[in-house]
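*Asks:* Structure supplied as protein.cif; contents: mmCIF, C-alpha atoms and all ligand atoms.
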data_coords
#
loop_
_atom_site.label_atom_id
_atom_site.label_comp_id
_atom_site.auth_asym_id
_atom_site.auth_seq_id
_atom_site.Cartn_x
_atom_site.Cartn_y
_atom_site.Cartn_z
CA MET A 1 27.74 -39.81 -26.52
CA ARG A 2 27.24 -43.50 -27.13
CA THR A 3 29.37 -45.35 -29.61
CA PHE A 4 28.38 -48.77 -30.85
CA THR A 5 30.45 -51.59 -29.45
CA ARG A 6 32.07 -53.88 -32.02
CA ARG A 7 29.71 -56.64 -31.00
CA ALA A 8 26.74 -54.45 -31.73
CA ILE A 9 27.73 -53.66 -35.30
CA PRO A 10 26.56 -56.88 -37.00
CA ALA A 11 23.35 -56.63 -35.05
CA LEU A 12 22.98 -53.06 -36.20
CA ALA A 13 23.33 -54.18 -39.79
CA LEU A 14 20.61 -56.76 -39.16
CA GLY A 15 18.52 -53.97 -37.71
CA ALA A 16 19.00 -52.06 -40.91
CA ALA A 17 17.76 -54.99 -42.97
CA ALA A 18 14.77 -55.45 -40.70
CA CYS A 19 14.01 -51.76 -40.92
CA ALA A 20 13.88 -51.93 -44.69
CA THR A 21 10.60 -53.73 -44.04
CA PRO A 22 8.66 -51.19 -42.04
CA VAL A 23 7.55 -52.50 -38.67
CA ALA A 24 3.98 -51.82 -39.70
CA ALA A 25 4.28 -54.40 -42.44
CA ARG A 26 5.47 -57.06 -40.01
CA GLY A 27 2.45 -56.55 -37.81
CA GLN A 28 0.61 -53.49 -36.70
CA SER A 29 2.57 -50.48 -35.56
CA LEU A 30 2.16 -49.32 -31.98
CA HIS A 31 0.40 -46.21 -33.23
CA ALA A 32 -1.99 -48.26 -35.38
CA LEU A 33 -2.82 -50.43 -32.37
CA ALA A 34 -3.36 -47.28 -30.30
CA ALA A 35 -5.42 -45.59 -33.00
CA ALA A 36 -7.76 -48.60 -33.16
CA LYS A 37 -8.71 -47.66 -29.58
CA GLY A 38 -8.97 -43.92 -30.14
CA MET A 39 -5.51 -43.46 -28.65
CA ARG A 40 -2.13 -42.29 -29.95
CA PHE A 41 1.39 -43.57 -29.52
CA GLY A 42 4.51 -41.50 -29.96
CA ALA A 43 8.01 -40.85 -28.71
CA ALA A 44 10.52 -38.18 -27.80
CA MET A 45 13.36 -37.51 -30.20
CA PRO A 46 16.48 -35.38 -29.91
CA HIS A 47 17.63 -33.13 -32.74
CA ARG A 48 20.63 -35.36 -33.47
CA ALA A 49 18.21 -38.14 -34.53
CA LEU A 50 17.64 -36.18 -37.76
CA GLY A 51 21.03 -37.51 -38.86
CA ASP A 52 20.18 -41.13 -38.05
CA GLY A 53 18.09 -42.56 -40.87
CA LEU A 54 17.58 -45.94 -39.23
CA TYR A 55 16.21 -44.38 -36.07
CA LEU A 56 13.98 -42.07 -38.12
CA ASP A 57 12.62 -45.15 -39.91
CA LEU A 58 11.75 -46.66 -36.56
CA LEU A 59 10.02 -43.49 -35.35
CA ARG A 60 8.12 -43.20 -38.62
CA SER A 61 6.99 -46.81 -38.54
CA GLU A 62 5.89 -47.02 -34.89
CA CYS A 63 4.75 -43.49 -33.96
CA GLY A 64 1.84 -41.16 -34.61
CA LEU A 65 3.32 -38.24 -32.73
CA ILE A 66 6.65 -36.82 -31.68
CA VAL A 67 7.83 -34.61 -28.87
CA SER A 68 11.17 -32.80 -28.70
CA GLU A 69 13.38 -34.28 -26.01
CA ASN A 70 15.02 -30.92 -25.22
CA GLU A 71 14.62 -28.53 -28.14
CA HIS A 72 11.45 -26.72 -27.00
CA LYS A 73 12.72 -26.17 -23.47
CA TRP A 74 13.37 -22.62 -22.31
CA ALA A 75 17.15 -23.08 -22.02
CA ALA A 76 17.28 -24.34 -25.61
CA ILE A 77 14.82 -22.00 -27.24
CA GLN A 78 15.59 -18.70 -25.42
CA PRO A 79 19.19 -19.21 -24.28
CA ALA A 80 19.67 -15.49 -23.62
CA GLN A 81 17.10 -12.80 -23.06
CA GLY A 82 15.33 -12.00 -26.31
CA VAL A 83 17.54 -14.42 -28.27
CA PHE A 84 15.43 -17.22 -29.63
CA ASN A 85 16.86 -20.34 -31.22
CA PHE A 86 13.98 -22.03 -33.00
CA ALA A 87 16.03 -23.81 -35.66
CA PRO A 88 16.50 -27.24 -34.03
CA ALA A 89 12.85 -27.58 -32.98
CA ASP A 90 11.69 -26.26 -36.35
CA ALA A 91 13.78 -28.82 -38.23
CA MET A 92 12.37 -31.66 -36.14
CA MET A 93 8.83 -30.41 -36.63
CA ALA A 94 9.38 -30.12 -40.37
CA TRP A 95 10.51 -33.75 -40.50
CA ALA A 96 7.48 -34.83 -38.46
CA ALA A 97 5.09 -32.87 -40.68
CA GLU A 98 6.62 -34.36 -43.85
CA ASN A 99 5.95 -37.78 -42.40
CA GLY A 100 2.42 -37.07 -41.23
CA LEU A 101 3.33 -37.19 -37.54
CA ALA A 102 1.63 -34.95 -34.98
CA TYR A 103 3.72 -33.00 -32.46
CA ARG A 104 3.48 -32.32 -28.71
CA GLY A 105 5.07 -29.36 -26.97
CA HIS A 106 7.45 -29.95 -24.07
CA THR A 107 7.65 -27.60 -22.22
CA LEU A 108 6.81 -23.88 -21.93
CA VAL A 109 8.20 -23.56 -18.41
CA TRP A 110 10.24 -26.28 -16.67
CA HIS A 111 9.50 -24.65 -13.35
CA HIS A 112 12.56 -25.95 -11.56
CA VAL A 113 15.73 -23.97 -10.77
CA GLN A 114 17.97 -26.73 -12.01
CA TRP A 115 16.43 -26.57 -15.47
CA LEU A 116 15.64 -22.90 -16.00
CA PRO A 117 18.41 -21.10 -17.92
CA ARG A 118 21.00 -19.42 -15.76
CA TRP A 119 20.12 -15.99 -17.12
CA VAL A 120 16.59 -16.47 -15.79
CA ASN A 121 17.72 -17.75 -12.39
CA GLU A 122 20.04 -14.75 -12.06
CA TYR A 123 17.64 -12.16 -13.44
CA GLN A 124 17.44 -8.91 -11.47
CA PHE A 125 13.79 -7.99 -11.20
CA GLY A 126 14.37 -4.42 -9.98
CA ALA A 127 11.92 -2.24 -8.10
CA ASN A 128 8.75 -3.96 -9.27
CA PRO A 129 9.54 -7.67 -9.22
CA ALA A 130 5.99 -8.92 -9.81
CA ALA A 131 5.55 -6.86 -12.96
CA GLU A 132 9.04 -7.71 -14.22
CA ALA A 133 8.57 -11.43 -13.59
CA GLU A 134 5.25 -11.35 -15.38
CA ALA A 135 6.80 -9.53 -18.34
CA LEU A 136 9.58 -12.12 -18.60
CA LEU A 137 7.14 -15.03 -18.44
CA ARG A 138 4.80 -13.38 -20.91
CA ALA A 139 7.58 -12.71 -23.41
CA HIS A 140 8.73 -16.32 -23.31
CA VAL A 141 5.47 -18.22 -23.13
CA THR A 142 3.64 -16.07 -25.67
CA THR A 143 6.48 -16.09 -28.19
CA VAL A 144 6.94 -19.85 -28.11
CA ALA A 145 3.25 -20.75 -27.89
CA GLN A 146 2.22 -18.44 -30.73
CA ARG A 147 5.00 -19.55 -33.03
CA TYR A 148 3.70 -23.12 -33.00
CA ARG A 149 0.00 -22.36 -32.93
CA GLY A 150 -1.86 -24.66 -35.27
CA ARG A 151 1.04 -27.14 -35.30
CA ILE A 152 1.17 -28.19 -31.65
CA SER A 153 -2.20 -28.98 -30.12
CA SER A 154 -1.01 -30.16 -26.69
CA TRP A 155 1.59 -28.42 -24.52
CA ASP A 156 3.21 -29.21 -21.22
CA ALA A 157 2.67 -25.64 -20.07
CA ILE A 158 4.44 -26.34 -16.78
CA ASN A 159 6.83 -29.16 -15.98
CA GLU A 160 7.74 -30.34 -12.47
CA ALA A 161 6.62 -27.44 -10.26
CA VAL A 162 6.27 -29.71 -7.20
CA ASP A 163 9.24 -30.76 -5.06
CA HIS A 164 9.08 -34.54 -4.58
CA THR A 165 10.86 -34.38 -1.22
CA ASP A 166 8.21 -32.34 0.60
CA GLY A 167 5.33 -31.96 -1.85
CA ALA A 168 5.61 -28.16 -1.79
CA ILE A 169 5.62 -25.93 -4.85
CA ARG A 170 9.25 -25.36 -5.83
CA GLU A 171 10.78 -21.97 -5.25
CA THR A 172 12.08 -20.13 -8.32
CA VAL A 173 12.71 -16.52 -9.30
CA PHE A 174 9.12 -16.44 -10.47
CA THR A 175 7.57 -17.75 -7.25
CA ARG A 176 9.71 -15.36 -5.23
CA ALA A 177 8.45 -12.42 -7.27
CA LEU A 178 4.82 -13.48 -7.66
CA GLY A 179 4.02 -16.05 -4.97
CA LYS A 180 4.04 -19.83 -5.37
CA GLU A 181 0.45 -20.39 -6.48
CA ALA A 182 0.20 -17.13 -8.38
CA ALA A 183 3.32 -17.78 -10.47
CA ASN A 184 2.07 -21.16 -11.63
CA ASP A 185 -1.47 -19.87 -12.20
CA LEU A 186 -0.09 -17.02 -14.28
CA ILE A 187 1.86 -19.33 -16.59
CA PHE A 188 -1.31 -21.22 -17.44
CA HIS A 189 -3.28 -18.00 -17.92
CA ILE A 190 -0.65 -16.60 -20.28
CA ALA A 191 -0.54 -19.92 -22.15
CA ARG A 192 -4.33 -19.93 -22.49
CA GLU A 193 -4.36 -16.40 -23.92
CA ALA A 194 -1.98 -17.54 -26.66
CA LEU A 195 -3.57 -20.97 -27.12
CA PRO A 196 -7.33 -20.70 -26.69
CA ASN A 197 -8.13 -24.19 -28.02
CA GLU A 198 -5.03 -26.24 -27.29
CA GLN A 199 -4.65 -28.80 -24.53
CA LEU A 200 -2.69 -27.31 -21.62
CA VAL A 201 -0.99 -29.92 -19.46
CA TYR A 202 0.61 -29.90 -16.03
CA ASN A 203 3.40 -32.51 -16.33
CA ASP A 204 5.25 -34.22 -13.47
CA TYR A 205 6.97 -37.43 -12.35
CA MET A 206 4.83 -38.43 -9.37
CA SER A 207 4.28 -42.13 -9.86
CA TRP A 208 2.94 -45.33 -8.40
CA GLU A 209 6.01 -46.22 -6.34
CA ALA A 210 5.60 -46.21 -2.59
CA HIS A 211 8.33 -43.57 -2.25
CA SER A 212 6.26 -41.16 -4.39
CA THR A 213 3.45 -40.61 -1.88
CA THR A 214 4.60 -37.13 -0.81
CA HIS A 215 5.02 -36.09 -4.42
CA ARG A 216 1.57 -37.38 -5.38
CA ASN A 217 -0.01 -35.49 -2.49
CA GLY A 218 1.77 -32.29 -3.50
CA VAL A 219 0.60 -32.61 -7.10
CA LEU A 220 -2.97 -33.27 -5.92
CA ARG A 221 -2.88 -30.07 -3.85
CA LEU A 222 -1.59 -28.13 -6.82
CA LEU A 223 -4.30 -29.52 -9.12
CA GLU A 224 -7.00 -28.86 -6.51
CA GLY A 225 -5.76 -25.30 -6.24
CA PHE A 226 -5.87 -24.85 -10.01
CA LYS A 227 -9.49 -26.06 -10.04
CA ALA A 228 -10.53 -23.92 -7.10
CA ARG A 229 -9.01 -20.82 -8.67
CA GLY A 230 -10.33 -21.48 -12.17
CA VAL A 231 -6.89 -21.89 -13.71
CA PRO A 232 -7.07 -23.20 -17.31
CA VAL A 233 -5.39 -26.62 -16.96
CA ASP A 234 -6.81 -29.44 -19.08
CA ALA A 235 -4.79 -32.48 -18.17
CA LEU A 236 -2.19 -34.08 -15.97
CA GLY A 237 0.85 -35.41 -17.79
CA VAL A 238 2.14 -38.51 -16.04
CA GLN A 239 5.79 -38.81 -17.02
CA ALA A 240 5.84 -42.53 -16.19
CA HIS A 241 9.53 -43.04 -15.57
CA ILE A 242 8.78 -46.32 -13.82
CA GLY A 243 10.91 -49.16 -12.43
CA SER A 244 13.99 -48.39 -10.36
CA ALA A 245 13.89 -44.97 -8.74
CA ASN A 246 15.69 -42.19 -10.61
CA THR A 247 18.22 -41.75 -7.80
CA ASP A 248 21.54 -43.31 -6.86
CA ASN A 249 20.02 -44.76 -3.71
CA SER A 250 19.22 -48.41 -3.84
CA VAL A 251 15.46 -48.65 -3.91
CA GLY A 252 14.04 -51.88 -5.32
CA PHE A 253 12.64 -52.26 -8.81
CA ALA A 254 8.93 -52.82 -8.23
CA THR A 255 7.74 -50.94 -5.17
CA GLN A 256 4.40 -49.88 -6.56
CA ASN A 257 1.27 -49.36 -4.54
CA GLU A 258 -1.54 -49.85 -7.03
CA ARG A 259 -4.31 -48.92 -4.63
CA GLU A 260 -2.72 -45.59 -3.76
CA TRP A 261 -1.99 -44.88 -7.40
CA ARG A 262 -5.60 -45.59 -8.39
CA ARG A 263 -6.82 -43.37 -5.59
CA PHE A 264 -4.58 -40.59 -6.92
CA LEU A 265 -5.77 -41.03 -10.53
CA ASP A 266 -9.39 -41.26 -9.36
CA GLU A 267 -9.06 -37.93 -7.58
CA VAL A 268 -7.33 -36.31 -10.55
CA THR A 269 -9.93 -37.49 -13.04
CA ALA A 270 -12.83 -36.69 -10.67
CA MET A 271 -11.68 -33.06 -10.83
CA GLY A 272 -12.16 -33.23 -14.60
CA TYR A 273 -8.55 -33.51 -15.71
CA ASP A 274 -7.59 -35.70 -18.66
CA LEU A 275 -4.48 -37.90 -18.42
CA LEU A 276 -1.50 -38.47 -20.68
CA ILE A 277 1.56 -40.67 -20.40
CA THR A 278 4.22 -38.26 -21.54
CA GLU A 279 7.65 -39.84 -20.95
CA LEU A 280 7.35 -43.59 -20.61
CA ASP A 281 10.40 -45.70 -19.85
CA VAL A 282 11.33 -48.49 -17.46
CA HIS A 283 14.47 -48.04 -15.38
CA ASP A 284 16.44 -51.24 -14.87
CA ARG A 285 19.17 -49.81 -12.65
CA THR A 286 18.54 -52.36 -9.89
CA LEU A 287 17.59 -55.42 -11.98
CA PRO A 288 19.95 -58.40 -12.43
CA ALA A 289 22.34 -58.30 -15.39
CA ASP A 290 20.95 -61.24 -17.37
CA VAL A 291 19.40 -59.59 -20.42
CA ALA A 292 16.61 -62.06 -21.13
CA ALA A 293 15.50 -62.10 -17.50
CA ARG A 294 15.75 -58.32 -17.27
CA ASP A 295 13.72 -57.81 -20.44
CA ALA A 296 11.04 -60.25 -19.30
CA GLU A 297 10.68 -58.60 -15.92
CA MET A 298 10.53 -55.10 -17.39
CA ALA A 299 7.90 -56.17 -19.93
CA ARG A 300 5.80 -57.82 -17.24
CA TYR A 301 6.04 -54.75 -15.04
CA LEU A 302 5.25 -52.37 -17.88
CA ARG A 303 2.21 -54.38 -18.93
CA GLY A 304 0.76 -54.17 -15.43
CA TYR A 305 1.35 -50.43 -15.36
CA LEU A 306 -0.22 -49.83 -18.76
CA ASP A 307 -3.25 -52.01 -18.03
CA LEU A 308 -3.93 -49.93 -14.95
CA MET A 309 -3.39 -46.65 -16.79
CA PHE A 310 -5.47 -47.69 -19.82
CA SER A 311 -8.41 -48.48 -17.54
CA TYR A 312 -8.85 -44.68 -17.38
CA ARG A 313 -10.74 -43.54 -20.49
CA GLN A 314 -9.31 -40.06 -19.90
CA LEU A 315 -5.95 -41.39 -21.10
CA LYS A 316 -5.42 -41.20 -24.84
CA ASP A 317 -1.81 -40.28 -25.56
CA VAL A 318 1.20 -42.42 -24.70
CA LEU A 319 4.72 -41.19 -25.47
CA ALA A 320 7.90 -43.14 -24.88
CA TRP A 321 10.95 -41.16 -23.75
CA GLY A 322 13.04 -42.65 -26.54
CA MET A 323 12.28 -45.68 -28.73
CA ALA A 324 15.65 -47.46 -28.61
CA ASP A 325 18.00 -48.02 -25.69
CA HIS A 326 20.94 -46.06 -27.06
CA TYR A 327 18.67 -42.98 -27.20
CA SER A 328 17.63 -43.24 -23.55
CA TRP A 329 18.55 -40.39 -21.19
CA LEU A 330 18.96 -43.06 -18.48
CA GLN A 331 22.24 -44.28 -20.00
CA GLU A 332 24.00 -41.18 -18.73
CA ARG A 333 22.79 -40.98 -15.16
CA TRP A 334 22.13 -43.17 -12.11
CA LEU A 335 24.44 -45.85 -13.50
CA ARG A 336 23.99 -49.52 -12.70
CA ASP A 337 26.47 -50.96 -10.20
CA ASP A 338 27.76 -53.29 -12.96
CA ARG A 339 27.92 -50.35 -15.42
CA ALA A 340 26.02 -52.46 -17.99
CA PRO A 341 24.00 -50.50 -20.57
CA LYS A 342 20.38 -50.10 -19.58
CA ARG A 343 17.39 -51.37 -21.54
CA PRO A 344 14.64 -48.81 -20.72
CA THR A 345 12.87 -48.54 -24.10
CA PRO A 346 10.86 -50.76 -26.48
CA TYR A 347 13.79 -51.41 -28.91
CA ASP A 348 17.37 -52.39 -28.24
CA ALA A 349 20.46 -50.55 -29.47
CA ALA A 350 20.44 -52.68 -32.63
CA LEU A 351 16.90 -51.44 -33.31
CA GLN A 352 15.37 -54.82 -32.63
CA PRO A 353 12.04 -54.98 -30.78
CA LYS A 354 12.17 -56.24 -27.22
CA PRO A 355 9.54 -57.79 -24.96
CA MET A 356 8.66 -54.27 -23.79
CA ARG A 357 7.50 -53.47 -27.30
CA GLU A 358 5.20 -56.48 -27.20
CA ALA A 359 3.93 -55.44 -23.77
CA ILE A 360 2.91 -52.04 -25.13
CA ALA A 361 1.29 -53.63 -28.17
CA ALA A 362 -0.63 -56.11 -26.02
CA ALA A 363 -1.78 -53.37 -23.64
CA PHE A 364 -3.17 -51.31 -26.53
CA ASP A 365 -4.80 -54.44 -27.89
CA ALA A 366 -6.47 -55.12 -24.55
CA ALA A 367 -7.52 -51.49 -23.95
CA ALA A 368 -11.16 -50.50 -24.16
CA PRO A 369 -11.91 -48.10 -27.01
CA ARG A 370 -12.25 -44.42 -26.14
C1 LIG B 401 15.72 -34.98 -20.05
C2 LIG B 401 16.39 -35.27 -21.38
O1 LIG B 401 16.03 -36.56 -21.79
C3 LIG B 401 17.88 -35.13 -21.25
O2 LIG B 401 18.49 -35.22 -22.53
C4 LIG B 401 18.24 -33.78 -20.62
O3 LIG B 401 19.61 -33.73 -20.37
C5 LIG B 401 17.49 -33.56 -19.33
O4 LIG B 401 16.11 -33.73 -19.57
N1 LIG B 401 11.64 -35.25 -17.11
C6 LIG B 401 11.37 -34.38 -18.15
C7 LIG B 401 12.22 -34.39 -19.35
O5 LIG B 401 10.37 -33.68 -18.11
O6 LIG B 401 12.31 -33.14 -19.95
C8 LIG B 401 13.59 -34.90 -19.03
O7 LIG B 401 14.33 -34.99 -20.23
C9 LIG B 401 13.51 -36.24 -18.33
C10 LIG B 401 12.78 -36.10 -17.02
#
Can you give me the file's structure in the form of structure tokens?
Ligand code: XIL
*Replies:*
Amino acid sequence: MRTFTRRAIPALALGAAACATPVAARGQSLHALAAAKGMRFGAAMPHRALGDGLYLDLLRSECGLIVSENEHKWAAIQPAQGVFNFAPADAMMAWAAENGLAYRGHTLVWHHVQWLPRWVNEYQFGANPAAEAEALLRAHVTTVAQRYRGRISSWDAINEAVDHTDGAIRETVFTRALGKEAANDLIFHIAREALPNEQLVYNDYMSWEAHSTTHRNGVLRLLEGFKARGVPVDALGVQAHIGSANTDNSVGFATQNEREWRRFLDEVTAMGYDLLITELDVHDRTLPADVAARDAEMARYLRGYLDLMFSYRQLKDVLAWGMADHYSWLQERWLRDDRAPKRPTPYDAALQPKPMREAIAAAFDAAAPR
């Protein structure tokens, strides 16, 4: 858990004063700028943010929608079979509703062994594994989806089913029991039964970096398969964890291939899928330490990315994976060589806006209406 450094405390107090004037009053909020173009801007929050009034002020003043960082995930919401823990997600949703903020669902099934609860990974499916696997999926997906019906209109039904190393569908207890395509198809079918009118999203981290080619191709195959088999998938969620690769290996900061990325997005949208940016942040693991230079480079890079993404009218929702640096998941993993805190989000740890915030604002401003 992050603690504020002594140097950060006066700045934090300044942040508090600045926050007394809502950001919206100092200019237009990111969500207002988005809304002017028929778009929405929001952010992920963790449950512990409910105890952080200054951060809540920031979310309230900049966002139009919220997504739970972890609290709707299977491991959090059904930690043991038949034991549901809705309280954290419910409390966050209550806060959002009180403040007029919409809510996204993330995620019904994080279809990845590392992130499914252990009890699921170790589940004994018995003599009829296909039927048992279906029953387990149905119990989870239907219970969670129905509970939030009418309050969550867009769900990441499946997260990260494609292995980025070989582009194949990941193997899990469910794919072993049902087959790789069939397991993923079934999750969407079950979700659609519970949510006839909601947006159902396939969400993944394929991106525009050169090293993501295999992943992009795998996701394309999955989406083509969904189309060919009539699986009810409405949109592709592009996580958009851009910048340095989320690995410990030293890959450079800006290795994007815009032509390849456009070709990918063209194919996705030509199949009729909508697009969302679901988890935006910029990873500065491999950028030089100088803060002003780092911020400027990240803002420049982000602006280029958003301009490209916003050129697709199918893209309406943009969510940041955290609004201030001390809330970023990237502080805890893939550390910088110099161990300096990272700056992946629009606001710094003193809740002051950074150039990245201006880059997002300018990109919304430049976007064509949709
Ligand atoms: C991350 C959270 O931010 C962390 O707190 C948690 O420990 C792991 O998950 N892709 C996703 C998100 O789809 O759910 C992940 O969130 C970040 C990567």
*Asks:* So which residues are near ligand LIG 401 (chain B), meaning at most 6 Å away with all atoms listed in the file counted, given back as a VMD selection string?
*Replies:* chain A and resid 69 to 70 329
*Asks:* Residues of region 43-160 of chain A that approach region 346-355 of chain A to 10 Å or less, counting all atoms listed in the file: could you list each one with the shortest pair of atoms and its distance in Å to one decimal, rows by chain and increasing residue number, as CSV?
*Replies:*
residue,atom,partner,partner_atom,distance
A:Leu54,CA,A:Leu351,CA,8.1
A:Tyr55,CA,A:Leu351,CA,7.6
A:Leu58,CA,A:Leu351,CA,7.7
*Asks:* Return the padded bounding box of region 39-54 of chain A as AutoDock Vina command-line options: axis-aligned, built from all atoms listed in the file, 5 Å added on each side, with centre and edge lengths in Å to one decimal.
*Replies:*
--center_x 7.8 --center_y -39.5 --center_z -34.3 --size_x 36.5 --size_y 22.8 --size_z 23.1
*Asks:* List the spatial neighbours of Ile77 (chain A) as an MDAnalysis selection string - criterion: any atom at most 12 Å away, all atoms listed in the file, same-chain residues fewer than 3 positions off excluded.
*Replies:* chainID A and resid 68 70:74 80:90 106:109 116:117 140:141 143:145 147
*Asks:* Hey, what's within 10 Å of region 285-299 of chain A if we count all atoms listed in the file and toss same-chain stuff fewer than 2 positions away? As a VMD selection string, please?
*Replies:* chain A and resid 242 to 254 281 to 283 301 to 305 330 to 331 333 to 346 354 to 360
*Asks:* Let me make sure I understand: among A:Leu236, A:Ile169, A:Ala270, A:Ala94, which one has the smallest atom-to-atom distance to Trp155 (chain A) if we use all atoms listed in the file?
*Replies:*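 Among A:Leu236, A:Ile169, A:Ala270, A:Ala94, it is A:Leu236 that comes nearest to Trp155 (chain A).
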*Asks:* Given all atoms listed in the file as the basis, pick out the residue of A:Arg170, A:His111, A:Arg118, A:His241 nearest to Asp156 (chain A).
*Replies:*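 The closest residue to Asp156 (chain A) is A:His111.
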*Asks:* Closest to Arg370 (chain A) among A:Ala34, A:Ala130, A:Leu319, A:Arg313, using only C-alpha atoms?
*Replies:*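 Checking each of A:Ala34, A:Ala130, A:Leu319, A:Arg313 against Arg370 (chain A), counting only C-alpha atoms, the winner is A:Arg313.
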*Asks:* Might you pull out every residue within 9 Å of Ala168 (chain A), with all atoms listed in the file counted and same-chain residues fewer than 3 positions away left off, and present them as a VMD selection string?
*Replies:* chain A and resid 161 to 165 171 215 218 to 219 221 to 222
*Asks:* Which residues are near Leu200 (chain A)? Cut-off 12 Å, all atoms listed in the file, ignore same chain within fewer than 4 positions. Put them as number ranges by chain.
*Replies:* A: 104-109, 145, 152-159, 187-196, 231-237, 273-276
*Asks:* Just to confirm, what's the straight-line distance from CA of Phe264 (chain A) to CA of Phe226 (chain A) in Å (one decimal)?
*Replies:* 16.1 Å
*Asks:* Between A:Arg300, A:Arg149, A:Glu260, A:Gly230, which is the closest to Asn197 (chain A) once you count all atoms listed in the file?
*Replies:*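 That would be A:Arg149, the residue with the smallest distance to Asn197 (chain A).
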*Asks:* To one decimal in Å, tell me the separation between CA of Thr172 (chain A) and CA of Val268 (chain A).
*Replies:* 25.4 Å
*Asks:* Using all atoms listed in the file, find the one residue out of A:Gln78, A:Thr255, A:Asn121, A:Ser311 that sits nearest to Ala366 (chain A).
*Replies:*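 Among the listed residues, the smallest separation from Ala366 (chain A) belongs to A:Ser311.
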*Asks:* Let me make sure I understand: among A:Arg262, A:Arg60, A:Arg176, A:Arg138, which one has the smallest atom-to-atom distance to Gln124 (chain A) if we use only C-alpha atoms?
*Replies:*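 Selected residue with least distance to Gln124 (chain A): A:Arg176.
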*Asks:* Suppose you want the space between CA of Ser212 (chain A) and CA of Gly167 (chain A); what is it in Å?
*Replies:*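 CA of Gly167 (chain A) lies 9.6 Å from CA of Ser212 (chain A).
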*Asks:* Determine, counting only C-alpha atoms, every residue of protein, DNA or RNA that lies within 10 Å of (6.7, -10.3, -4.7) in the file coordinates, then give the result as a list in words.
*Replies:* Phe125, Asn128, Pro129, Ala130, Ala131, Ala133, Val173, Phe174, Thr175, Arg176, Ala177, Leu178, Gly179 and Lys180 of chain A
*Asks:* Show which residues sit within 7 Å of Ile277 (chain A), as a list in words. Count only C-alpha atoms, and ignore same-chain residues fewer than 3 positions away.
*Replies:*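 The filter keeps Gly237, Val238, Gln239, Ala240, Leu280, Asp317, Val318 and Leu319 of chain A.
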